Structures are given as structure tokens and as C-alpha cells.
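Source file: run.cif; contents: mmCIF, C-alpha atoms.
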```cif
data_start
#
loop_
_atom_site.group_PDB
_atom_site.id
_atom_site.type_symbol
_atom_site.label_atom_id
_atom_site.label_comp_id
_atom_site.auth_asym_id
_atom_site.auth_seq_id
_atom_site.Cartn_x
_atom_site.Cartn_y
_atom_site.Cartn_z
ATOM 1 C CA GLN I 17 20.677 -80.693 6.254
ATOM 2 C CA LEU I 18 22.064 -77.338 7.333
ATOM 3 C CA PHE I 19 19.364 -76.496 9.814
ATOM 4 C CA PHE I 20 19.138 -80.087 11.012
ATOM 5 C CA SER I 21 22.800 -79.841 12.049
ATOM 6 C CA PHE I 22 22.242 -76.376 13.432
ATOM 7 C CA PHE I 23 19.382 -77.441 15.689
ATOM 8 C CA LYS I 24 21.382 -80.433 16.901
ATOM 9 C CA THR I 25 23.870 -77.944 18.382
ATOM 10 C CA LEU I 26 21.004 -76.421 20.362
ATOM 11 C CA VAL I 27 19.860 -79.654 22.033
ATOM 12 C CA GLY I 28 19.719 -79.036 25.772
ATOM 13 C CA LYS I 29 19.145 -75.301 25.349
ATOM 14 C CA GLU I 30 15.969 -73.430 26.031
ATOM 15 C CA VAL I 31 14.017 -72.199 23.026
ATOM 16 C CA ILE I 32 10.596 -70.776 22.295
ATOM 17 C CA ILE I 33 8.733 -72.314 19.386
ATOM 18 C CA GLU I 34 6.095 -70.091 17.892
ATOM 19 C CA LEU I 35 3.530 -72.080 15.943
ATOM 20 C CA LYS I 36 1.510 -71.003 12.948
ATOM 21 C CA ASN I 37 -1.616 -70.994 15.127
ATOM 22 C CA ASP I 38 0.025 -68.279 17.269
ATOM 23 C CA LEU I 39 0.718 -70.586 20.202
ATOM 24 C CA SER I 40 4.176 -70.038 21.733
ATOM 25 C CA ILE I 41 5.784 -72.879 23.623
ATOM 26 C CA CYS I 42 8.902 -72.466 25.753
ATOM 27 C CA GLY I 43 10.966 -75.540 26.583
ATOM 28 C CA THR I 44 14.278 -77.345 26.476
ATOM 29 C CA LEU I 45 15.123 -78.776 23.084
ATOM 30 C CA HIS I 46 15.397 -82.527 23.504
ATOM 31 C CA SER I 47 15.721 -83.655 19.900
ATOM 32 C CA VAL I 48 15.260 -82.698 16.276
ATOM 33 C CA ASP I 49 15.044 -84.650 13.029
ATOM 34 C CA GLN I 50 15.602 -84.058 9.317
ATOM 35 C CA TYR I 51 12.113 -82.593 8.929
ATOM 36 C CA LEU I 52 12.880 -80.208 11.804
ATOM 37 C CA ASN I 53 10.239 -81.927 13.898
ATOM 38 C CA MET I 54 11.176 -81.143 17.497
ATOM 39 C CA LYS I 55 10.698 -82.542 20.941
ATOM 40 C CA LEU I 56 10.600 -80.137 23.854
ATOM 41 C CA LEU I 57 10.870 -80.998 27.543
ATOM 42 C CA ASP I 58 9.368 -79.208 30.548
ATOM 43 C CA ILE I 59 7.271 -76.934 28.447
ATOM 44 C CA SER I 60 5.385 -73.826 29.424
ATOM 45 C CA VAL I 61 3.082 -71.796 27.244
ATOM 46 C CA THR I 62 4.577 -68.299 26.968
ATOM 47 C CA ASP I 63 2.789 -65.043 26.206
ATOM 48 C CA GLN I 64 -0.606 -65.877 27.504
ATOM 49 C CA ASP I 65 -1.723 -68.929 29.313
ATOM 50 C CA ARG I 66 -4.876 -68.467 27.300
ATOM 51 C CA PHE I 67 -4.244 -71.986 26.161
ATOM 52 C CA PRO I 68 -4.907 -73.887 29.391
ATOM 53 C CA HIS I 69 -5.352 -77.193 27.536
ATOM 54 C CA MET I 70 -1.581 -77.620 27.804
ATOM 55 C CA LEU I 71 -1.482 -77.293 31.615
ATOM 56 C CA SER I 72 -0.733 -80.935 32.328
ATOM 57 C CA VAL I 73 1.636 -81.420 29.405
ATOM 58 C CA LYS I 74 5.324 -81.668 30.349
ATOM 59 C CA ASN I 75 6.904 -82.767 27.073
ATOM 60 C CA CYS I 76 5.727 -82.447 23.517
ATOM 61 C CA PHE I 77 6.478 -83.369 19.949
ATOM 62 C CA ILE I 78 6.038 -80.594 17.431
ATOM 63 C CA ARG I 79 5.670 -81.307 13.740
ATOM 64 C CA GLY I 80 8.159 -79.203 11.803
ATOM 65 C CA SER I 81 5.564 -77.963 9.326
ATOM 66 C CA VAL I 82 3.499 -76.174 11.989
ATOM 67 C CA VAL I 83 6.411 -74.037 13.163
ATOM 68 C CA ARG I 84 6.497 -70.358 12.230
ATOM 69 C CA TYR I 85 9.506 -69.193 14.277
ATOM 70 C CA VAL I 86 11.965 -70.585 16.763
ATOM 71 C CA HIS I 87 13.319 -67.949 19.153
ATOM 72 C CA LEU I 88 16.958 -68.821 19.749
ATOM 73 C CA PRO I 89 19.402 -67.999 22.559
ATOM 74 C CA SER I 90 21.816 -65.685 20.723
ATOM 75 C CA GLU I 91 24.681 -66.590 23.048
ATOM 76 C CA HIS I 92 24.635 -70.149 21.732
ATOM 77 C CA VAL I 93 24.555 -69.216 18.065
ATOM 78 C CA ASP I 94 27.810 -68.934 16.143
ATOM 79 C CA THR I 95 26.872 -66.557 13.355
ATOM 80 C CA GLN I 96 30.187 -66.871 11.534
ATOM 81 C CA LEU I 97 29.865 -70.643 11.476
ATOM 82 C CA LEU I 98 26.306 -70.329 10.199
ATOM 83 C CA GLN I 99 27.317 -68.065 7.362
ATOM 84 C CA ASP I 100 30.157 -70.349 6.290
ATOM 85 C CA ALA I 101 27.892 -73.399 6.480
ATOM 86 C CA THR I 102 25.265 -71.571 4.406
ATOM 87 C CA ARG I 103 27.761 -70.823 1.656
ATOM 88 C CA LYS I 104 28.790 -74.486 1.557
ATOM 89 C CA GLU I 105 25.162 -75.656 1.562
ATOM 90 C CA ILE I 106 24.202 -73.383 -1.335
ATOM 91 C CA ALA I 107 27.262 -74.438 -3.292
ATOM 92 C CA SER I 108 26.599 -78.123 -2.707
ATOM 93 C CA ASN I 109 22.971 -77.771 -3.820
ATOM 94 C CA LYS I 110 23.914 -76.479 -7.209
ATOM 95 C CA LYS I 111 23.650 -79.064 -10.000
ATOM 96 C CA LEU O 9 29.285 -87.692 -23.853
ATOM 97 C CA GLU O 10 29.925 -90.081 -20.977
ATOM 98 C CA MET O 11 29.012 -89.020 -17.474
ATOM 99 C CA ALA O 12 32.012 -89.262 -15.167
ATOM 100 C CA ASP O 13 31.795 -91.952 -12.492
ATOM 101 C CA GLU O 14 33.567 -89.980 -9.794
ATOM 102 C CA LYS O 15 31.902 -86.864 -8.499
ATOM 103 C CA GLU O 16 33.445 -83.822 -10.022
ATOM 104 C CA THR O 17 32.959 -80.969 -7.628
ATOM 105 C CA PRO O 18 33.371 -77.793 -9.625
ATOM 106 C CA ILE O 19 35.215 -75.183 -7.656
ATOM 107 C CA VAL O 20 32.553 -72.510 -7.319
ATOM 108 C CA LEU O 21 34.242 -69.246 -6.456
ATOM 109 C CA GLY O 22 31.141 -68.084 -4.694
ATOM 110 C CA THR O 23 31.065 -64.793 -6.511
ATOM 111 C CA THR O 24 29.106 -65.734 -9.635
ATOM 112 C CA VAL O 25 25.366 -65.152 -9.452
ATOM 113 C CA GLU O 26 23.527 -67.816 -11.402
ATOM 114 C CA GLU O 27 20.342 -68.712 -9.579
ATOM 115 C CA PRO O 28 17.968 -66.692 -7.398
ATOM 116 C CA LEU O 29 19.482 -68.273 -4.275
ATOM 117 C CA ASP O 30 22.833 -66.794 -5.254
ATOM 118 C CA LEU O 31 21.208 -63.379 -5.082
ATOM 119 C CA ILE O 32 20.212 -64.049 -1.490
ATOM 120 C CA ARG O 33 23.707 -65.332 -0.750
ATOM 121 C CA LEU O 34 24.979 -61.839 -1.538
ATOM 122 C CA SER O 35 22.964 -60.579 1.439
ATOM 123 C CA LEU O 36 24.605 -62.863 4.024
ATOM 124 C CA ASP O 37 25.648 -60.880 7.106
ATOM 125 C CA GLU O 38 23.656 -57.935 5.763
ATOM 126 C CA ARG O 39 20.277 -56.671 6.814
ATOM 127 C CA VAL O 40 17.403 -58.024 4.715
ATOM 128 C CA TYR O 41 13.688 -57.470 4.368
ATOM 129 C CA VAL O 42 11.485 -60.567 4.358
ATOM 130 C CA LYS O 43 7.841 -60.462 3.312
ATOM 131 C CA MET O 44 5.862 -63.322 4.790
ATOM 132 C CA ARG O 45 2.381 -64.810 4.663
ATOM 133 C CA ASN O 46 -0.359 -63.500 6.945
ATOM 134 C CA ASP O 47 0.658 -59.855 6.417
ATOM 135 C CA ARG O 48 3.924 -60.212 8.273
ATOM 136 C CA GLU O 49 7.296 -58.687 7.527
ATOM 137 C CA ILE O 50 10.653 -59.130 9.177
ATOM 138 C CA ARG O 51 13.802 -57.063 8.928
ATOM 139 C CA GLY O 52 16.981 -58.518 10.322
ATOM 140 C CA ARG O 53 20.588 -59.528 9.727
ATOM 141 C CA LEU O 54 20.734 -62.679 7.610
ATOM 142 C CA HIS O 55 23.079 -65.307 9.039
ATOM 143 C CA ALA O 56 21.849 -68.497 7.382
ATOM 144 C CA PHE O 57 19.373 -69.802 4.828
ATOM 145 C CA ASP O 58 18.735 -72.907 2.753
ATOM 146 C CA GLN O 59 16.937 -73.813 -0.466
ATOM 147 C CA HIS O 60 13.578 -73.892 1.349
ATOM 148 C CA LEU O 61 14.240 -70.323 2.485
ATOM 149 C CA ASN O 62 14.427 -71.413 6.102
ATOM 150 C CA MET O 63 16.501 -68.634 7.675
ATOM 151 C CA VAL O 64 18.245 -67.477 10.807
ATOM 152 C CA LEU O 65 18.009 -63.730 11.388
ATOM 153 C CA ALA O 66 19.620 -61.668 14.151
ATOM 154 C CA GLN O 67 18.315 -58.409 15.614
ATOM 155 C CA ALA O 68 15.031 -59.081 13.863
ATOM 156 C CA GLU O 69 12.025 -56.802 13.898
ATOM 157 C CA GLU O 70 8.677 -58.345 12.985
ATOM 158 C CA THR O 71 5.792 -56.185 11.807
ATOM 159 C CA VAL O 72 2.278 -57.619 11.788
ATOM 160 C CA THR O 73 -0.336 -55.593 9.907
ATOM 161 C CA ARG O 74 -3.992 -55.918 10.888
ATOM 162 C CA VAL O 75 -7.110 -54.271 9.560
ATOM 163 C CA GLU O 76 -9.487 -53.202 12.283
ATOM 164 C CA MET O 77 -13.015 -52.109 11.540
ATOM 165 C CA ASP O 78 -14.739 -49.446 13.553
ATOM 166 C CA GLU O 79 -18.201 -50.779 14.385
ATOM 167 C CA GLU O 80 -19.889 -47.383 14.249
ATOM 168 C CA SER O 81 -18.159 -45.501 11.483
ATOM 169 C CA PHE O 82 -17.416 -48.678 9.469
ATOM 170 C CA GLU O 83 -13.989 -47.227 8.806
ATOM 171 C CA GLN O 84 -11.150 -49.626 8.161
ATOM 172 C CA VAL O 85 -8.010 -48.823 10.110
ATOM 173 C CA TYR O 86 -4.583 -50.379 9.482
ATOM 174 C CA ARG O 87 -2.772 -51.263 12.716
ATOM 175 C CA GLN O 88 0.834 -52.417 12.804
ATOM 176 C CA THR O 89 2.327 -54.341 15.713
ATOM 177 C CA LYS O 90 6.094 -54.576 15.951
ATOM 178 C CA ARG O 91 8.358 -56.672 18.111
ATOM 179 C CA THR O 92 12.081 -57.388 18.238
ATOM 180 C CA ILE O 93 13.579 -60.847 18.454
ATOM 181 C CA PRO O 94 17.370 -61.037 19.072
ATOM 182 C CA MET O 95 17.887 -64.312 17.215
ATOM 183 C CA VAL O 96 15.204 -66.172 15.296
ATOM 184 C CA PHE O 97 14.785 -69.161 12.986
ATOM 185 C CA VAL O 98 12.134 -68.558 10.324
ATOM 186 C CA ARG O 99 10.551 -71.521 8.577
ATOM 187 C CA GLY O 100 10.756 -71.171 4.824
ATOM 188 C CA ASP O 101 7.180 -72.128 4.002
ATOM 189 C CA CYS O 102 6.006 -68.762 5.375
ATOM 190 C CA VAL O 103 8.382 -66.736 3.218
ATOM 191 C CA ILE O 104 7.150 -64.845 0.175
ATOM 192 C CA LEU O 105 10.160 -62.717 -0.704
ATOM 193 C CA VAL O 106 13.630 -61.709 0.476
ATOM 194 C CA SER O 107 15.218 -58.422 -0.477
ATOM 195 C CA PRO O 108 17.710 -55.822 0.704
ATOM 196 C CA PRO O 109 15.952 -53.577 3.243
ATOM 197 C CA MET O 110 13.749 -50.842 1.856
ATOM 198 C CA ARG O 111 14.853 -47.650 3.520
ATOM 199 C CA GLY O 112 12.365 -45.106 4.726
ATOM 200 C CA SER O 113 11.126 -47.020 7.747
#
```
What's the C-alpha cells form of this structure?
Amino acid sequence: QLFFSFFKTLVGKEVIIELKNDLSICGTLHSVDQYLNMKLLDISVTDQDRFPHMLSVKNCFIRGSVVRYVHLPSEHVDTQLLQDATRKEIASNKK
Amino acid sequence: LEMADEKETPIVLGTTVEEPLDLIRLSLDERVYVKMRNDREIRGRLHAFDQHLNMVLAQAEETVTRVEMDEESFEQVYRQTKRTIPMVFVRGDCVILVSPPMRGS
């Protein structure tokens, strides 16, 4: 639940999702769910456009399980809040 | 012994280390070393994590290690590629281990 809430605060911001197959997709975060599946709008393939099969794609749905990293805009991340929320999450997950 | 109906939330002081995740909790806001699948490693400042080991790291440096083979000499050469990411979410299913940083790099 922690990261679900965290990603909700980033809706509307630009992120880069790096997939496990090494594809990097830049776009505006439209929505996220409990599985951390994500929808991106107005995407562009970063790094290399060696993946031209995405040329006509504007928006996409990305299954959470295929994500390796999400590059985040540091100016929109409250690190103190994250740390406090982490402590609460760990405490609440104890039996 | 009857189980209480209302939820009793024990007041965890947050300083006792009981489970492995508590050990990671000690590293919050500190630099950590993360070993990942596919011969990757990341060093960065740990700001958040959960029980799946999903994490948010700041000032992260990723090292990817590849083995290249020289076609003529048939020598195997280890090549490391590094890159810095200012703020990154790492999905937990790639994580192998988390530890305080190993100095000497």
C-alpha cells in the first residue's frame, strides 16, 4: 500500500519507466493501481529509438511485474514523508 | 487464551530489531548497497521500502557487469557500466540483497 499511495502523488508528473527487457519509456503518469500497474500518456521511447514498434503509440498500460525501475522527478519526492511512511508500513506489517 | 476482539496495536518503539526487515529499517536515510538480478548493483540513499523490497533510492549509482569475449584470443573480459539516477524506484522482485555499503569502491 505504501508505494501505491506514493505513486498516486506522482500522477500528472513525468516519469521514465525502465522495463526488465531494457526498454525505457518516458511519459506522464496517468494512473496506478495496487499492483503498481501504470498507465502513461504521451509516451516516447527514451535512450534509443531502436524500438520503432512503439512509434504510433501515444498511451500505454504497463504491467507492474515487468517494471525494473521508475526514474522519478526528485523535486516531487518528499523523502522525509517517505521515510516516516516506511516506518509506519513496516510496523503495521508486523504480526 | 481468548483472542481479543478489538485490534490491539502494540506500541512498537521502532528500535527493536526482530525480523530481517527491521535490519533494513536501520538503514533508512543511509546509503545502502543493493545486489540485484542480472549482475546489477545499486548504491544509493534509502528513503523507502516495503515487505516486497520495493525501494526508493536517491543519488543512486547502478553498476551493470558484463562479460565480453574476445573473438580471437577467446579471453573473457569483465566490463562494468555505471550510471547515476537522482531518484529511482526499484521493484522488489529484482532484489537479491540489501546491505550497508561496502567501502573500497
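Using all atoms listed in the file, the set of residues no farther than 12 Å from the position (24.3, -58.6, 5.7) comprises I:Thr95, I:Gln96, I:Gln99, O:Ile32, O:Arg33, O:Leu34, O:Ser35, O:Leu36, O:Asp37, O:Glu38, O:Arg39, O:Val40, O:Tyr41, O:Arg51, O:Gly52, O:Arg53, O:Leu54, O:His55, O:Ala56, O:Val64, O:Leu65, O:Ala66, O:Gln67, O:Ser107, O:Pro108, O:Pro109.
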query = atom CA of Val42 of chain O and atom CA of Asn37 of chain I, how far apart in Å?
reply = 19.9 Å
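Distances from I:Arg84, I:His92, I:Arg79, I:Arg103 to Gly28 of chain I were compared using only C-alpha atoms, and the smallest one belongs to I:His92.
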Neighbours of chain O in chain I at 12 Å, counting all atoms listed in the file, as a VMD selection string = chain I and resid 17 to 20 22 to 23 31 to 38 51 to 53 80 to 111
inquiry  = Quick check on the file I pasted: which residues fall under the PyMOL selection byres ((chain I and resi 27) around 8)? Write them as a ChimeraX atom specification.
reply    = /I:23-26,28-29,44-48
ask   = At what distance in Å, to one decimal, does atom CA of Glu49 of chain O lie from atom CA of Thr89 of chain O?
value = 10.5 Å
Just say which residues the PyMOL selection byres ((chain O and resi 74) around 12) picks in this file, as a PDB file with C-alpha atoms, in the frame of the given file.
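As written to disk, selection-v5.pdb reads:
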```
ATOM      1  CA  ASN O  46      -0.359 -63.500   6.945  1.00  0.00           C
ATOM      2  CA  ASP O  47       0.658 -59.855   6.417  1.00  0.00           C
ATOM      3  CA  ARG O  48       3.924 -60.212   8.273  1.00  0.00           C
ATOM      4  CA  THR O  71       5.792 -56.185  11.807  1.00  0.00           C
ATOM      5  CA  VAL O  72       2.278 -57.619  11.788  1.00  0.00           C
ATOM      6  CA  THR O  73      -0.336 -55.593   9.907  1.00  0.00           C
ATOM      7  CA  VAL O  75      -7.110 -54.271   9.560  1.00  0.00           C
ATOM      8  CA  GLU O  76      -9.487 -53.202  12.283  1.00  0.00           C
ATOM      9  CA  MET O  77     -13.015 -52.109  11.540  1.00  0.00           C
ATOM     10  CA  GLN O  84     -11.150 -49.626   8.161  1.00  0.00           C
ATOM     11  CA  VAL O  85      -8.010 -48.823  10.110  1.00  0.00           C
ATOM     12  CA  TYR O  86      -4.583 -50.379   9.482  1.00  0.00           C
ATOM     13  CA  ARG O  87      -2.772 -51.263  12.716  1.00  0.00           C
ATOM     14  CA  GLN O  88       0.834 -52.417  12.804  1.00  0.00           C
ATOM     15  CA  THR O  89       2.327 -54.341  15.713  1.00  0.00           C
ATOM     16  CA  LYS O  90       6.094 -54.576  15.951  1.00  0.00           C
TER      17      LYS O  90
END
```
task = Between atom CA of Met110 of chain O and atom CA of Ala68 of chain O, measure the distance and give it in Å to one decimal.
result = 14.6 Å
inquiry  = Which residues are close to segment 58-69 of chain I, i.e. within 6 Å by all atoms listed in the file, leaving aside same-chain residues fewer than 5 positions away? Reply as JSON, numbers by chain.
reply    = {"I": [40, 41, 42, 43, 74, 75]}
Give, as JSON, the centre coordinates and the x, y and z edge lengths in Å to one decimal for an axis-aligned box around all listed atoms of segment 31-41 of chain I, padded by 4 Å on each side.
```
{"center_x": 6.2, "center_y": -70.6, "center_z": 18.3, "size_x": 23.6, "size_y": 12.6, "size_z": 18.7}
```
Fill-in result for segment 17-46 of chain I, N, CA and C atoms as a short mmCIF file (atom, residue, chain, number, x, y, z; two decimals), in the frame of the given file:
```
data_model
loop_
_atom_site.label_atom_id
_atom_site.label_comp_id
_atom_site.auth_asym_id
_atom_site.auth_seq_id
_atom_site.Cartn_x
_atom_site.Cartn_y
_atom_site.Cartn_z
N GLN I 17 19.72 -80.14 5.30
CA GLN I 17 20.68 -80.69 6.25
C GLN I 17 21.32 -79.63 7.12
N LEU I 18 21.40 -78.43 6.60
CA LEU I 18 22.06 -77.34 7.33
C LEU I 18 21.38 -77.07 8.66
N PHE I 19 20.07 -76.86 8.60
CA PHE I 19 19.36 -76.50 9.81
C PHE I 19 19.17 -77.68 10.74
N PHE I 20 19.16 -78.89 10.19
CA PHE I 20 19.14 -80.09 11.01
C PHE I 20 20.39 -80.10 11.89
N SER I 21 21.56 -79.89 11.29
CA SER I 21 22.80 -79.84 12.05
C SER I 21 22.80 -78.68 13.03
N PHE I 22 22.27 -77.56 12.58
CA PHE I 22 22.24 -76.38 13.43
C PHE I 22 21.43 -76.63 14.69
N PHE I 23 20.22 -77.20 14.52
CA PHE I 23 19.38 -77.44 15.69
C PHE I 23 19.98 -78.50 16.61
N LYS I 24 20.74 -79.42 16.05
CA LYS I 24 21.38 -80.43 16.90
C LYS I 24 22.33 -79.75 17.89
N THR I 25 22.96 -78.64 17.47
CA THR I 25 23.87 -77.94 18.38
C THR I 25 23.12 -77.24 19.51
N LEU I 26 21.78 -77.12 19.35
CA LEU I 26 21.00 -76.42 20.36
C LEU I 26 20.28 -77.38 21.30
N VAL I 27 20.50 -78.69 21.14
CA VAL I 27 19.86 -79.65 22.03
C VAL I 27 20.34 -79.37 23.45
N GLY I 28 19.39 -79.33 24.39
CA GLY I 28 19.72 -79.04 25.77
C GLY I 28 19.53 -77.57 26.11
N LYS I 29 19.34 -76.73 25.09
CA LYS I 29 19.14 -75.30 25.35
C LYS I 29 17.66 -74.96 25.35
N GLU I 30 17.36 -73.84 25.96
CA GLU I 30 15.97 -73.43 26.03
C GLU I 30 15.61 -72.60 24.81
N VAL I 31 14.48 -72.95 24.20
CA VAL I 31 14.02 -72.20 23.03
C VAL I 31 12.53 -71.91 23.18
N ILE I 32 12.03 -71.01 22.36
CA ILE I 32 10.60 -70.78 22.30
C ILE I 32 10.17 -71.08 20.87
N ILE I 33 9.23 -71.99 20.72
CA ILE I 33 8.73 -72.31 19.39
C ILE I 33 7.41 -71.61 19.20
N GLU I 34 7.34 -70.78 18.18
CA GLU I 34 6.10 -70.09 17.89
C GLU I 34 5.44 -70.81 16.72
N LEU I 35 4.22 -71.29 16.95
CA LEU I 35 3.53 -72.08 15.94
C LEU I 35 2.72 -71.19 15.01
N LYS I 36 2.30 -71.76 13.91
CA LYS I 36 1.51 -71.00 12.95
C LYS I 36 0.14 -70.65 13.50
N ASN I 37 -0.31 -71.35 14.54
CA ASN I 37 -1.62 -70.99 15.13
C ASN I 37 -1.43 -69.99 16.27
N ASP I 38 -0.28 -69.34 16.32
CA ASP I 38 0.02 -68.28 17.27
C ASP I 38 0.33 -68.76 18.68
N LEU I 39 0.35 -70.06 18.90
CA LEU I 39 0.72 -70.59 20.20
C LEU I 39 2.24 -70.52 20.33
N SER I 40 2.74 -70.06 21.48
CA SER I 40 4.18 -70.04 21.73
C SER I 40 4.50 -70.98 22.86
N ILE I 41 5.43 -71.88 22.62
CA ILE I 41 5.78 -72.88 23.62
C ILE I 41 7.26 -72.75 23.98
N CYS I 42 7.53 -72.57 25.27
CA CYS I 42 8.90 -72.47 25.75
C CYS I 42 9.32 -73.82 26.31
N GLY I 43 10.54 -74.26 26.03
CA GLY I 43 10.97 -75.54 26.58
C GLY I 43 12.41 -75.82 26.23
N THR I 44 12.91 -76.93 26.77
CA THR I 44 14.28 -77.34 26.48
C THR I 44 14.26 -78.27 25.27
N LEU I 45 15.08 -77.96 24.30
CA LEU I 45 15.12 -78.78 23.08
C LEU I 45 15.73 -80.14 23.40
N HIS I 46 14.93 -81.18 23.20
CA HIS I 46 15.40 -82.53 23.50
C HIS I 46 15.97 -83.19 22.25
#
```
